[in-house]
Structures are given as C-alpha cells and as structure tokens.
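So the structure is just underneath, and the comments pick up after that.
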Amino acid sequence: MIKIMAVCGAGLGSSLACQMAIEQAVTAMGVKAKVSHTDTTSISSLANDVDIVCAGKNFQKLIERKNLSCPVVFLERLVDKKEITEKLTPILREMGEIH
C-alpha cells in the first residue's frame with residue numbers, strides 16, 4: 001500500500017478536500033493507498049514516511065525549496081479527480097502500482 005500526502009497552507013480545509021479527491025481517484029484506478037493531509041510547515045518532517053506528495057500549484061516554490069525525497073505532484077485544481085489521475089498515473093506506473 002502506497003502512502004500519499006495532500007498538502008495545503010494550514011493543513012485543514014483544502015488539503016482535506018484534496019485528500020478525499022485523491023482517495024476517490026486512486027480507488028477508481030484500483031490502487032490501494034493510505035491518503036492523509038497536512039500543512040506546508042509539517043511536510044518536511046513527514047515526507048520520509050510517504051511515497052507521493054500532492055499540493056496546490058501555488059505552493060510549488062515553497063515545497064520545492066524543501067527538497068523532498070519523494071515525487072511531488074502540483075495540482076491546478078485540488079479536487080479535480082481527472083487532473084489527479086493524469087498526474088499520478090505515470091508515478092504510480094513507475095512504482096509498479098498500475099500497469
């Protein structure tokens with residue numbers, strides 16, 4: 001089971017909504033994943049425990065400065081399951097989670 005973390009500024013509203021959209025997208029892809037959410041400040045300490053980070057495009061520069069060791073997906077629309085699916089598919093394929 002892979003671990004995916006949704007990230008937003010405060011770690012509350014938009015990251016929770018993103019978490020739910022990610023859960024729906026990966027379930028539709030047939031991927032077993034544990035999805036959680038956090039804020040931009042906490043992601044540095046949590047990134048070693050996740051396989052993929054998803055965040056809004058507006059946090060790209062901030063998160064890139066953290067030099068996370070896992071793949072990071074930057075989303076234009078946090079709850080767009082189509083965009084989430086399109087951006088997660090190549091990463092999940094490379095991880096061997098989908099074929």
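Chain lettering (A, B, ...) mirrors the order of the structure tokens, residue numbering begins at 1 for each chain separately, and ligand numbering begins at 1 in order of display.
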Per-residue nearest contacts of stretch 52-71 of chain A to stretch 12-36 of chain A (10 Å; only C-alpha atoms) as a Markdown table:
```
| residue | atom | partner | partner_atom | distance |
| --- | --- | --- | --- | --- |
| A:Ile52 | CA | A:Val35 | CA | 9.5 |
| A:Val53 | CA | A:Val35 | CA | 9.7 |
| A:Cys54 | CA | A:Cys18 | CA | 8.3 |
| A:Ala55 | CA | A:Ser15 | CA | 7.8 |
| A:Gly56 | CA | A:Ser15 | CA | 8.9 |
```
Å distance separating atom CA of A:Leu88 from atom CA of A:Ser45, one decimal place: 22.4 Å
Secondary structure check, helix (DSSP H, G or I) residues of chain A, as a ChimeraX atom specification: /A:13-28,43-49,57-64,81-94
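Nearest residue to A:Ile98, choosing from A:Phe59, A:Thr38, A:Ile2, A:Ser69 and counting only C-alpha atoms: A:Ile2.
If you measure from each of A:Ile84, A:Cys70, A:Ile43, A:Met95 to A:Val7 using only C-alpha atoms, the closest one turns out to be A:Ile43.
Between A:Leu68 and the candidates A:Gly9, A:Lys3, A:Ser44, A:Thr85, the tightest atom-to-atom separation, counting only C-alpha atoms, involves A:Ser44.
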Among stretch 28-85 of chain A, which ones does DSSP assign to strand (DSSP E) (computed from the backbone)? Answer as an mmCIF file with N, CA and C atoms, in the first residue's frame.
```cif
data_model
loop_
_atom_site.group_PDB
_atom_site.id
_atom_site.type_symbol
_atom_site.label_atom_id
_atom_site.label_comp_id
_atom_site.auth_asym_id
_atom_site.auth_seq_id
_atom_site.Cartn_x
_atom_site.Cartn_y
_atom_site.Cartn_z
ATOM 1 N N ALA A 33 -4.183 2.723 -1.351
ATOM 2 C CA ALA A 33 -3.360 3.822 -0.837
ATOM 3 C C ALA A 33 -3.915 4.325 0.481
ATOM 4 N N LYS A 34 -3.006 4.732 1.337
ATOM 5 C CA LYS A 34 -3.364 5.435 2.561
ATOM 6 C C LYS A 34 -3.102 6.909 2.273
ATOM 7 N N VAL A 35 -4.146 7.712 2.284
ATOM 8 C CA VAL A 35 -4.031 9.129 1.951
ATOM 9 C C VAL A 35 -4.311 9.950 3.206
ATOM 10 N N SER A 36 -3.454 10.913 3.473
ATOM 11 C CA SER A 36 -3.640 11.797 4.609
ATOM 12 C C SER A 36 -3.354 13.226 4.177
ATOM 13 N N HIS A 37 -3.472 14.178 5.103
ATOM 14 C CA HIS A 37 -3.241 15.576 4.745
ATOM 15 C C HIS A 37 -2.476 16.296 5.850
ATOM 16 N N THR A 38 -1.786 17.363 5.448
ATOM 17 C CA THR A 38 -1.004 18.154 6.394
ATOM 18 C C THR A 38 -0.801 19.562 5.841
ATOM 19 N N ASP A 39 -0.037 20.350 6.584
ATOM 20 C CA ASP A 39 0.261 21.716 6.170
ATOM 21 C C ASP A 39 1.676 21.797 5.591
ATOM 22 N N ILE A 52 4.275 9.731 -2.076
ATOM 23 C CA ILE A 52 3.938 10.806 -3.014
ATOM 24 C C ILE A 52 3.330 11.959 -2.224
ATOM 25 N N VAL A 53 3.689 13.172 -2.602
ATOM 26 C CA VAL A 53 3.081 14.371 -2.024
ATOM 27 C C VAL A 53 2.285 15.066 -3.122
ATOM 28 N N CYS A 54 1.074 15.517 -2.795
ATOM 29 C CA CYS A 54 0.247 16.296 -3.715
ATOM 30 C C CYS A 54 -0.042 17.643 -3.068
ATOM 31 N N ALA A 55 0.166 18.701 -3.838
ATOM 32 C CA ALA A 55 -0.059 20.049 -3.325
ATOM 33 C C ALA A 55 -0.556 20.952 -4.432
ATOM 34 N N GLY A 56 -1.103 22.079 -4.033
ATOM 35 C CA GLY A 56 -1.542 23.068 -4.999
ATOM 36 C C GLY A 56 -0.353 23.710 -5.687
ATOM 37 N N VAL A 72 6.624 14.761 -6.073
ATOM 38 C CA VAL A 72 5.623 15.752 -5.688
ATOM 39 C C VAL A 72 4.789 16.109 -6.914
ATOM 40 N N VAL A 73 3.479 16.062 -6.751
ATOM 41 C CA VAL A 73 2.534 16.417 -7.809
ATOM 42 C C VAL A 73 1.931 17.767 -7.446
ATOM 43 N N PHE A 74 2.026 18.717 -8.361
ATOM 44 C CA PHE A 74 1.437 20.041 -8.153
ATOM 45 C C PHE A 74 0.174 20.150 -8.980
ATOM 46 N N LEU A 75 -0.920 20.475 -8.319
ATOM 47 C CA LEU A 75 -2.237 20.486 -8.940
ATOM 48 C C LEU A 75 -2.756 21.902 -9.151
#
```
Selected residue of minimal separation from A:Glu64 among A:Glu97, A:Thr40, A:Asp51, A:Met5, counting only C-alpha atoms: A:Thr40
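Interatomic distance, atom CA of A:Gln60 to atom CA of A:Ala6: 13.0 Å.
Using only C-alpha atoms, the nearest neighbour of A:Val50 within the list A:Pro71, A:Glu94, A:Asp80, A:Glu86 is A:Pro71.
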